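These notes are about the structure you will find just below.
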Protein chains: 2
Amino acid sequence: VTPRVEHVAAPGSPGAAATPAPPLRVALLGFGTVGRSVARILSERTDIASRLRLTHVFNRDVARKRASWAADSIVWTERIEEVFASRPDVVVEAIGGLEPAEDWVRRALQQGLSVVTANKQLIAAAGPRLLRLAADEGCELRFEAAVAGGVPVIQAIQQGLAGDVIARVAGILNGTCNYVLSRMGSGSVSMEDAVTDAIRLGYAEADPTSDVDGVDAAAKLAVLAGVAFHRELRTADVATASIRPVDAVDFRYARRLGRTIRQIAAVEALDAATLHARVGPALVPEASRFGRNEGANNIVAITGRYGGTTAYSGAGAGGDATAVAIVSDLLALSASRGPCGPAEWPAAAMDDAHEGRFYIRFVVRDRPGILANITAALARWRINVDAVLQEPGFPKDRLPFVVTVEPCRELDLRNALNEVDSTDFRIEPLVLPILFE
Amino acid sequence: VTPRVEHVAAPGSPGAAATPAPPLRVALLGFGTVGRSVARILSERTDIASRLRLTHVFNRDVARKRASWAADSIVWTERIEEVFASRPDVVVEAIGGLEPAEDWVRRALQQGLSVVTANKQLIAAAGPRLLRLAADEGCELRFEAAVAGGVPVIQAIQQGLAGDVIARVAGILNGTCNYVLSRMGSGSVSMEDAVTDAIRLGYAEADPTSDVDGVDAAAKLAVLAGVAFHRELRTADVATASIRPVDAVDFRYARRLGRTIRQIAAVEALDAATLHARVGPALVPEASRFGRNEGANNIVAITGRYGGTTAYSGAGAGGDATAVAIVSDLLALSASRGPCGPAEWPAAAMDDAHEGRFYIRFVVRDRPGILANITAALARWRINVDAVLQEPGFPKDRLPFVVTVEPCRELDLRNALNEVDSTDFRIEPLVLPILFE
């Protein structure tokens with residue numbers, strides 16, 4: 001066993017400046033949606049070129065795949081032997097499935113090469129063995145992209161929550177099921193139609209079995225359970241129920257109970273060695289984080305003994321989001337420790353020209369002409385009124401009403417308000433930005 | 001400058017087993033709510049005792065503070081010189097405020113000691129200088145606890161999203177303001193009453209000025225901006241508006257617009273050097289992640305060029321949640337790199353005795369006695385019915401209705417259902433767990 005040499009000194013450590021380490025040489029296996037996004041990020045992000053260099057892209061029929069924007073220096077190959085012979089520093093496995101992915105990951109680790117993978121199926125099936133192998137060979141196996149796409153939930157458990165003792169992990173880990181169930185919940189769409197839409201929109205495979213029957217979520221849950229509890233959860237041990245029997249009528253009854261239906265994957269530790277794990281449709285409060293999770297979004301809630309529940313949400317799939325997770329794993333490998341990025345934070349330049357929609361609430365002694373006065377001032381600054389709201393039931397001598405305006409510069413708005421005759425203003429108008437998130 | 005020696009080899013690296021490194025010696029400055037929780041977690045978590053050892057606790061009037069559950073080996077002192085003379089490996093600064101915290105942090109870093117702090121004010125005011133100092137001395141300054149308490153959002157930006165280019169960070173960073181505004185939004189509570197309640201419940205200081213006027217959130221935003229954009233954002237440059245002028249009437253008008261009001265802190269990069277930053281009350285959609293954020297919870301949404309928006313939420317304050325962030329930072333310092341925890345994942349034992357509330361939907365050919373039949377079977381298994389729901393408008397020969405039951409074992413429920421005469425069942429009953437989150 002030959003220990004791998006550290007490529008980069010701790011950022012800012014005395015040695016770092018003296019001997020800038022060469023970039024990690026990255027070989028990419030698979031140039032589908034995710035692999036392509038990884039290559040594009042590595043190509044576009046010149047700020048990390050000194051840390052990561054893509055040297056090889058492996059794919060079947062690679063000539064057809066070759067991207068015009070990729071660096072000339074990249075070797076495109078359909079021979080896996082050529083990749084291994086080049087002795088890269090890291091192998092990114094973006095092929096998916098168990099074979100040949102597992103063979104190649106194992107072979108890379110046996111050569112002491114670190115591996116970054118997005119392959120939930122592989123980690124669920126063979127994670128414990130592969131991690132042991134990586135440890136024995138002094139290299140690393142990272143798989144942030146295997147669960148919840150671009151949501152860094154594995155890192156959250158392993159590092160951000162390392163100080164806590166995890167008791168439970170529950171989440172919506174399958175975007176297809178969430179799309180289908182949230183469609184059914186918001187309209188009177190049948191399961192069949194919602195699944196057809198999901199396939200048409202690319203959220204689901206042509207055969208959505210592994211999504212709707214919970215196999216996909218069970219694999220992701222097994223990965224999370226391993227990270228959270230350091231225990232191997234076999235997917236066969238996860239009590240898994242399909243969403244197929246859920247009918248539109250169930251949403252009607254669920255609503256009567258203040259609830260809706262989502263596919264929930266949950267695992268909890270009953271003691272250090274014993275887990276309870278299940279995947280399947282469940283009734284959740286409409287107003288809860290799970291009930292409000294719409295479309296193909298993923299969300300994971302982690303409950304710790306000390307810190308309570310923290311939740312993490314975002315795009316659970318998609319080439320770019322998944323590729324962010326892979327590149328983040330690569331950057332973690334490229335630094336021996338410590339945060340990425342410069343130690344220096346130069347002063348920011350500031351831009352105050354905030355533009356947006358605004359809500360302006362006036363409180364006035366009511367008399368004819370006040371609104372005309374306000375709208376005229378706004379018009380002089382070319383600010384369009386969007387709505388005027390005046391609720392009933394307030395005293396005339398202290399009347400609150402609201403004007404909302406279309407996008408404008410805040411400075412222009414302040415100037416316009418300064419031009420309004422304020423004789424009848426009981427208090428200064430309150431200006432609030434209107435946000436869309 | 002003497003480079004610090006790495007204390008622990010990469011987990012699983014060939015050297016690791018041969019020479020187990022001694023635990024990091026931790027000196028804790030400050031034994032208030034947060035410091036006390038840090039000490040308690042370090043005392044209770046025997047699984048990390050080989051990595052972290054609390055050696056000193058510094059506090060004024062320390063005799064009064066001394067905790068009976070703490071290890072006898074801890075030195076309790078009110079003399080800061082004694083702490084520095086002991087040459088700890090890491091100093092945890094849990095004092096707060098600028099003085100003397102800044103002096104002591106600076107002094108620790110100058111001695112090459114890494115520092116973990118929860119002090120947003122310190123990082124906002126002096127972060128860039130202290131980070132530079134740490135880099136020069138070959139040690140680290142970590143401050144996960146300075147923003148959003150137990151939500152590991154700094155780690156998410158620095159590591160989990162390192163593969164992305166951050167464009168915008170927006171969030172609810174002040175639990176007091178969120179408590180006050182969500183109280184005002186859900187009832188007809190005045191600002192004054194809501195603030196009084198927040199103080200009574202311990203969410204706000206006796207003088208809530210720095211919360212309601214946005215000073216606290218601006219400091220946290222400056223910390224996030226530094227981490228996300230590697231730029232120093234001076235809190236004085238943040239356009240800050242108080243929530244004080246927000247009135248109950250504004251919630252009424254906001255609701256007319258489908259919105260509610262929250263204190264939002266947001267910073268975006270207009271280019272690599274130019275930021276736009278603001279803190280203050282804003283109208284947000286009622287159904288959005290910010291609009292739905294209730295009570296003292298914090299939430300941060302991070303938008304990247306590639307991965308879109310990911311969101312992170314949880315307890316923004318509280319001793320235990322903040323202490324989790326500090327202990328996580330300590331664990332990160334204790335490993336040269338790689339995830340915490342064992343490389344081995346032994347097989348989990350499984351527990352299938354799931355207990356909970358359930359929703360059971362039947363579809364039957366209606367006739368008298370069906371419900372009696374079902375409830376009798378449930379009663380035989382000592383399962384209490386919670387509700388029976390039957391919506392109108394369905395055909396009698398294919399009638400869906402629902403029974404919900406009080407907490408029971410799923411196995412008992414399945415057994416009971418097997419005992420029901422299924423002659424009139426059109427399809428098998430659908431059993432769904434009812435979750436409360």
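In the structure tokens, each chain is lettered A, B, ... as it comes, each chain's residues begin at 1, and ligands are numbered from 1 in order of appearance.
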Shell around segment 89-105 of chain B at 7 Å using only C-alpha atoms, local window under 5 positions removed, as a PDB file with N, CA, C and O atoms, in the first residue's frame:
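The result, written out as out_30.pdb:
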```pdb
ATOM      1  N   LEU B  24      -7.426  16.855  20.631  1.00  0.00           N
ATOM      2  CA  LEU B  24      -7.173  18.293  20.662  1.00  0.00           C
ATOM      3  C   LEU B  24      -7.507  18.804  22.059  1.00  0.00           C
ATOM      4  O   LEU B  24      -8.562  18.481  22.601  1.00  0.00           O
ATOM      5  N   ARG B  25      -6.634  19.617  22.600  1.00  0.00           N
ATOM      6  CA  ARG B  25      -6.886  20.210  23.911  1.00  0.00           C
ATOM      7  C   ARG B  25      -7.622  21.530  23.732  1.00  0.00           C
ATOM      8  O   ARG B  25      -7.113  22.457  23.133  1.00  0.00           O
ATOM      9  N   VAL B  26      -8.821  21.597  24.262  1.00  0.00           N
ATOM     10  CA  VAL B  26      -9.731  22.713  24.005  1.00  0.00           C
ATOM     11  C   VAL B  26      -9.857  23.587  25.242  1.00  0.00           C
ATOM     12  O   VAL B  26     -10.160  23.090  26.333  1.00  0.00           O
ATOM     13  N   ALA B  27      -9.634  24.892  25.072  1.00  0.00           N
ATOM     14  CA  ALA B  27      -9.890  25.857  26.148  1.00  0.00           C
ATOM     15  C   ALA B  27     -11.130  26.651  25.796  1.00  0.00           C
ATOM     16  O   ALA B  27     -11.251  27.162  24.683  1.00  0.00           O
ATOM     17  N   LEU B  28     -12.044  26.727  26.745  1.00  0.00           N
ATOM     18  CA  LEU B  28     -13.334  27.380  26.501  1.00  0.00           C
ATOM     19  C   LEU B  28     -13.368  28.719  27.227  1.00  0.00           C
ATOM     20  O   LEU B  28     -13.251  28.768  28.454  1.00  0.00           O
ATOM     21  N   LEU B  29     -13.529  29.802  26.454  1.00  0.00           N
ATOM     22  CA  LEU B  29     -13.650  31.133  27.052  1.00  0.00           C
ATOM     23  C   LEU B  29     -15.125  31.507  27.093  1.00  0.00           C
ATOM     24  O   LEU B  29     -15.746  31.670  26.052  1.00  0.00           O
ATOM     25  N   GLY B  30     -15.666  31.610  28.293  1.00  0.00           N
ATOM     26  CA  GLY B  30     -17.076  31.989  28.431  1.00  0.00           C
ATOM     27  C   GLY B  30     -17.919  30.782  28.789  1.00  0.00           C
ATOM     28  O   GLY B  30     -17.910  29.777  28.070  1.00  0.00           O
ATOM     29  N   VAL B  34     -24.219  29.344  25.825  1.00  0.00           N
ATOM     30  CA  VAL B  34     -23.568  28.600  24.752  1.00  0.00           C
ATOM     31  C   VAL B  34     -22.362  27.819  25.273  1.00  0.00           C
ATOM     32  O   VAL B  34     -22.212  26.619  25.001  1.00  0.00           O
ATOM     33  N   GLY B  35     -21.520  28.480  26.047  1.00  0.00           N
ATOM     34  CA  GLY B  35     -20.327  27.813  26.575  1.00  0.00           C
ATOM     35  C   GLY B  35     -20.688  26.588  27.401  1.00  0.00           C
ATOM     36  O   GLY B  35     -20.063  25.530  27.286  1.00  0.00           O
ATOM     37  N   LEU B 113      -2.659  29.176  17.735  1.00  0.00           N
ATOM     38  CA  LEU B 113      -3.771  28.344  18.204  1.00  0.00           C
ATOM     39  C   LEU B 113      -4.994  28.593  17.322  1.00  0.00           C
ATOM     40  O   LEU B 113      -5.355  29.743  17.071  1.00  0.00           O
ATOM     41  N   SER B 114      -5.636  27.553  16.858  1.00  0.00           N
ATOM     42  CA  SER B 114      -6.874  27.724  16.108  1.00  0.00           C
ATOM     43  C   SER B 114      -7.964  28.223  17.043  1.00  0.00           C
ATOM     44  O   SER B 114      -7.925  27.978  18.251  1.00  0.00           O
ATOM     45  N   VAL B 115      -8.934  28.941  16.462  1.00  0.00           N
ATOM     46  CA  VAL B 115     -10.011  29.529  17.243  1.00  0.00           C
ATOM     47  C   VAL B 115     -11.351  29.145  16.623  1.00  0.00           C
ATOM     48  O   VAL B 115     -11.510  29.176  15.406  1.00  0.00           O
ATOM     49  N   VAL B 116     -12.301  28.778  17.478  1.00  0.00           N
ATOM     50  CA  VAL B 116     -13.686  28.575  17.071  1.00  0.00           C
ATOM     51  C   VAL B 116     -14.522  29.599  17.830  1.00  0.00           C
ATOM     52  O   VAL B 116     -14.395  29.712  19.054  1.00  0.00           O
ATOM     53  N   THR B 117     -15.345  30.346  17.095  1.00  0.00           N
ATOM     54  CA  THR B 117     -16.110  31.386  17.753  1.00  0.00           C
ATOM     55  C   THR B 117     -17.545  31.412  17.256  1.00  0.00           C
ATOM     56  O   THR B 117     -17.843  30.998  16.139  1.00  0.00           O
ATOM     57  N   ALA B 118     -18.442  31.903  18.120  1.00  0.00           N
ATOM     58  CA  ALA B 118     -19.850  32.088  17.763  1.00  0.00           C
ATOM     59  C   ALA B 118     -20.155  33.563  17.588  1.00  0.00           C
ATOM     60  O   ALA B 118     -21.320  33.952  17.500  1.00  0.00           O
ATOM     61  N   ASN B 119     -19.110  34.382  17.474  1.00  0.00           N
ATOM     62  CA  ASN B 119     -19.234  35.826  17.616  1.00  0.00           C
ATOM     63  C   ASN B 119     -19.429  36.529  16.271  1.00  0.00           C
ATOM     64  O   ASN B 119     -18.461  36.897  15.611  1.00  0.00           O
ATOM     65  N   GLN B 121     -20.532  39.481  15.684  1.00  0.00           N
ATOM     66  CA  GLN B 121     -20.105  40.876  15.730  1.00  0.00           C
ATOM     67  C   GLN B 121     -18.605  40.971  15.447  1.00  0.00           C
ATOM     68  O   GLN B 121     -18.150  41.819  14.671  1.00  0.00           O
ATOM     69  N   LEU B 122     -17.864  40.059  16.037  1.00  0.00           N
ATOM     70  CA  LEU B 122     -16.408  40.035  15.853  1.00  0.00           C
ATOM     71  C   LEU B 122     -16.043  39.726  14.401  1.00  0.00           C
ATOM     72  O   LEU B 122     -15.198  40.392  13.806  1.00  0.00           O
TER      73      LEU B 122
END
```
Contact residues around Phe436 of chain B with only C-alpha atoms at 12 Å, ignoring same-chain residues under 5 positions, as number ranges by chain
A: 257-260, 282-291; B: 356-358
Convert the current residue selection to file output with N, CA and C atoms, as an mmCIF file, in the first residue's frame.
```cif
data_model
loop_
_atom_site.group_PDB
_atom_site.id
_atom_site.type_symbol
_atom_site.label_atom_id
_atom_site.label_comp_id
_atom_site.auth_asym_id
_atom_site.auth_seq_id
_atom_site.Cartn_x
_atom_site.Cartn_y
_atom_site.Cartn_z
ATOM 1 N N LEU A 257 -58.625 16.262 6.763
ATOM 2 C CA LEU A 257 -57.809 16.095 7.972
ATOM 3 C C LEU A 257 -56.697 17.143 8.067
ATOM 4 N N GLY A 258 -56.742 18.169 7.189
ATOM 5 C CA GLY A 258 -55.699 19.205 7.194
ATOM 6 C C GLY A 258 -54.376 18.698 6.661
ATOM 7 N N ARG A 259 -54.438 17.642 5.846
ATOM 8 C CA ARG A 259 -53.210 17.000 5.414
ATOM 9 C C ARG A 259 -53.174 16.816 3.909
ATOM 10 N N THR A 260 -51.982 16.486 3.418
ATOM 11 C CA THR A 260 -51.841 16.068 2.034
ATOM 12 C C THR A 260 -50.973 14.811 2.025
ATOM 13 N N ALA A 282 -47.420 8.891 2.700
ATOM 14 C CA ALA A 282 -47.858 9.170 4.068
ATOM 15 C C ALA A 282 -48.657 10.458 4.079
ATOM 16 N N LEU A 283 -49.540 10.576 5.068
ATOM 17 C CA LEU A 283 -50.264 11.829 5.268
ATOM 18 C C LEU A 283 -49.378 12.782 6.060
ATOM 19 N N VAL A 284 -49.195 13.985 5.544
ATOM 20 C CA VAL A 284 -48.394 14.995 6.243
ATOM 21 C C VAL A 284 -49.227 16.271 6.325
ATOM 22 N N PRO A 285 -49.046 17.081 7.377
ATOM 23 C CA PRO A 285 -49.819 18.317 7.475
ATOM 24 C C PRO A 285 -49.590 19.192 6.237
ATOM 25 N N GLU A 286 -50.683 19.754 5.722
ATOM 26 C CA GLU A 286 -50.552 20.613 4.538
ATOM 27 C C GLU A 286 -49.559 21.737 4.765
ATOM 28 N N ALA A 287 -49.506 22.246 6.008
ATOM 29 C CA ALA A 287 -48.667 23.407 6.287
ATOM 30 C C ALA A 287 -47.246 23.019 6.717
ATOM 31 N N SER A 288 -46.919 21.738 6.690
ATOM 32 C CA SER A 288 -45.584 21.330 7.143
ATOM 33 C C SER A 288 -44.577 21.467 6.019
ATOM 34 N N ARG A 289 -43.299 21.316 6.379
ATOM 35 C CA ARG A 289 -42.256 21.435 5.371
ATOM 36 C C ARG A 289 -42.402 20.382 4.286
ATOM 37 N N PHE A 290 -42.884 19.211 4.643
ATOM 38 C CA PHE A 290 -43.075 18.183 3.625
ATOM 39 C C PHE A 290 -44.326 18.471 2.796
ATOM 40 N N GLY A 291 -45.396 18.866 3.477
ATOM 41 C CA GLY A 291 -46.646 19.138 2.778
ATOM 42 C C GLY A 291 -46.528 20.296 1.800
ATOM 43 N N GLY B 356 -47.811 4.040 15.284
ATOM 44 C CA GLY B 356 -48.185 5.394 14.897
ATOM 45 C C GLY B 356 -49.673 5.464 14.627
ATOM 46 N N ARG B 357 -50.076 6.642 14.144
ATOM 47 C CA ARG B 357 -51.460 6.815 13.724
ATOM 48 C C ARG B 357 -51.577 6.403 12.260
ATOM 49 N N PHE B 358 -52.718 5.925 11.887
ATOM 50 C CA PHE B 358 -52.893 5.494 10.508
ATOM 51 C C PHE B 358 -54.220 5.982 9.927
#
```
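Near Arg365 of chain A, within a cut-off of 8 Å and counting only C-alpha atoms, sit the residues Val363, Arg367, Lys396, Asp397, Arg398, Leu399, Asp424, Phe425 and Arg426 of chain A, with same-chain residues fewer than 2 positions away left out.
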Step one, run DSSP on the backbone; step two, keep only residues of segment 366-411 of chain A assigned to strand (DSSP E or B); then write them as a compact mmCIF listing (two decimals) with C-alpha atoms, in the first residue's frame.
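Below is the file that was written, states-v2.txt:
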```txt
# COMPACT_ATOMS: atom_id res chain seq x y z
CA VAL A 385 -48.82 52.45 -10.01
CA ASP A 386 -49.69 48.77 -9.84
CA ALA A 387 -52.55 48.84 -7.29
CA VAL A 388 -54.25 51.12 -4.79
CA LEU A 389 -55.69 49.36 -1.75
CA LEU A 399 -56.75 56.55 7.24
CA PRO A 400 -54.20 53.94 6.17
CA PHE A 401 -54.08 53.05 2.50
CA VAL A 402 -51.54 51.42 0.24
CA VAL A 403 -50.10 52.06 -3.20
CA THR A 404 -48.01 49.39 -4.90
CA VAL A 405 -45.77 50.30 -7.81
CA GLU A 406 -44.23 48.48 -10.72
CA PRO A 407 -40.46 47.95 -10.78
CA CYS A 408 -38.58 51.20 -10.24
CA ARG A 409 -35.43 52.51 -8.63
```
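A straight line drawn from atom CA of Glu428 of chain A to atom CA of Arg361 of chain A is 8.9 Å long.
Considering the residues B:Arg200, B:Arg51, B:His276, B:Arg142 and counting only C-alpha atoms, Ala21 of chain B has its shortest atom-to-atom contact with B:Arg51.
Taking atom CA of Ala347 of chain B and atom CA of Ala239 of chain A as the two end points, the separation is 16.3 Å.
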Of B:Ala315, B:Ala301, B:Val327, B:Leu173, the one sitting nearest Gly160 of chain A when using only C-alpha atoms is B:Val327
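Shortest atom-to-atom contact with Thr309 of chain B among B:Ile80, B:Ala67, B:Ile157, B:Leu411: B:Ile157, counting only C-alpha atoms.
If you count only C-alpha atoms and ignore residues fewer than 3 places along the chain from Gly185 of chain B, what sits within 10 Å of it is Tyr179, Val180, Leu181, Ser182, Ser188, Val189, Ser190, Ala248, Val249, Asp250, Phe251, Arg252, Ala254, Arg255, Arg259, Thr260, Ile261, Arg262, Glu286, Gly291 and Glu294 of chain B.
In this comparison, which uses only C-alpha atoms, the residue of A:Asp164, A:Asp216, A:Asp197, A:Glu410 approaching chain B most closely is A:Asp164.
Atom CA of Asn178 of chain B lies 14.3 Å from atom CA of Val215 of chain B.
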Report as number ranges by chain all protein, DNA and RNA residues lying within 9 Å of Met191 of chain A, evaluated on only C-alpha atoms, omitting residues in the same chain fewer than 3 positions from it.
A: 180-181, 183-184, 194-196, 243-248
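Counting only C-alpha atoms and comparing A:Glu232, A:Glu81, A:Glu355, A:Asp421, the residue that lies closest to Ala377 of chain A is A:Asp421.
With distances restricted to only C-alpha atoms, B:Gly138 is the closest residue to chain A from B:Ser422, B:Ala170, B:Arg382, B:Gly138.
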Which residues, written as a JSON list (two decimals) with C-alpha atoms, in the first residue's frame, have at least one atom at most 9 Å from Ala273 of chain B, with only C-alpha atoms counted and residues fewer than 6 positions away on the same chain left out?
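This is the output file around-v3.json:
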```
[["chain", "number", "residue", "atom", "x", "y", "z"],
["A", 346, "PRO", "CA", -10.95, 42.59, 0.01],
["A", 347, "ALA", "CA", -13.48, 45.34, 0.66],
["A", 348, "ALA", "CA", -16.64, 45.06, -1.42],
["A", 349, "ALA", "CA", -17.76, 47.86, -3.66],
["A", 350, "MET", "CA", -21.38, 48.68, -2.96],
["B", 229, "PHE", "CA", -18.22, 36.26, -2.12],
["B", 231, "ARG", "CA", -15.48, 40.24, 0.02]]
```
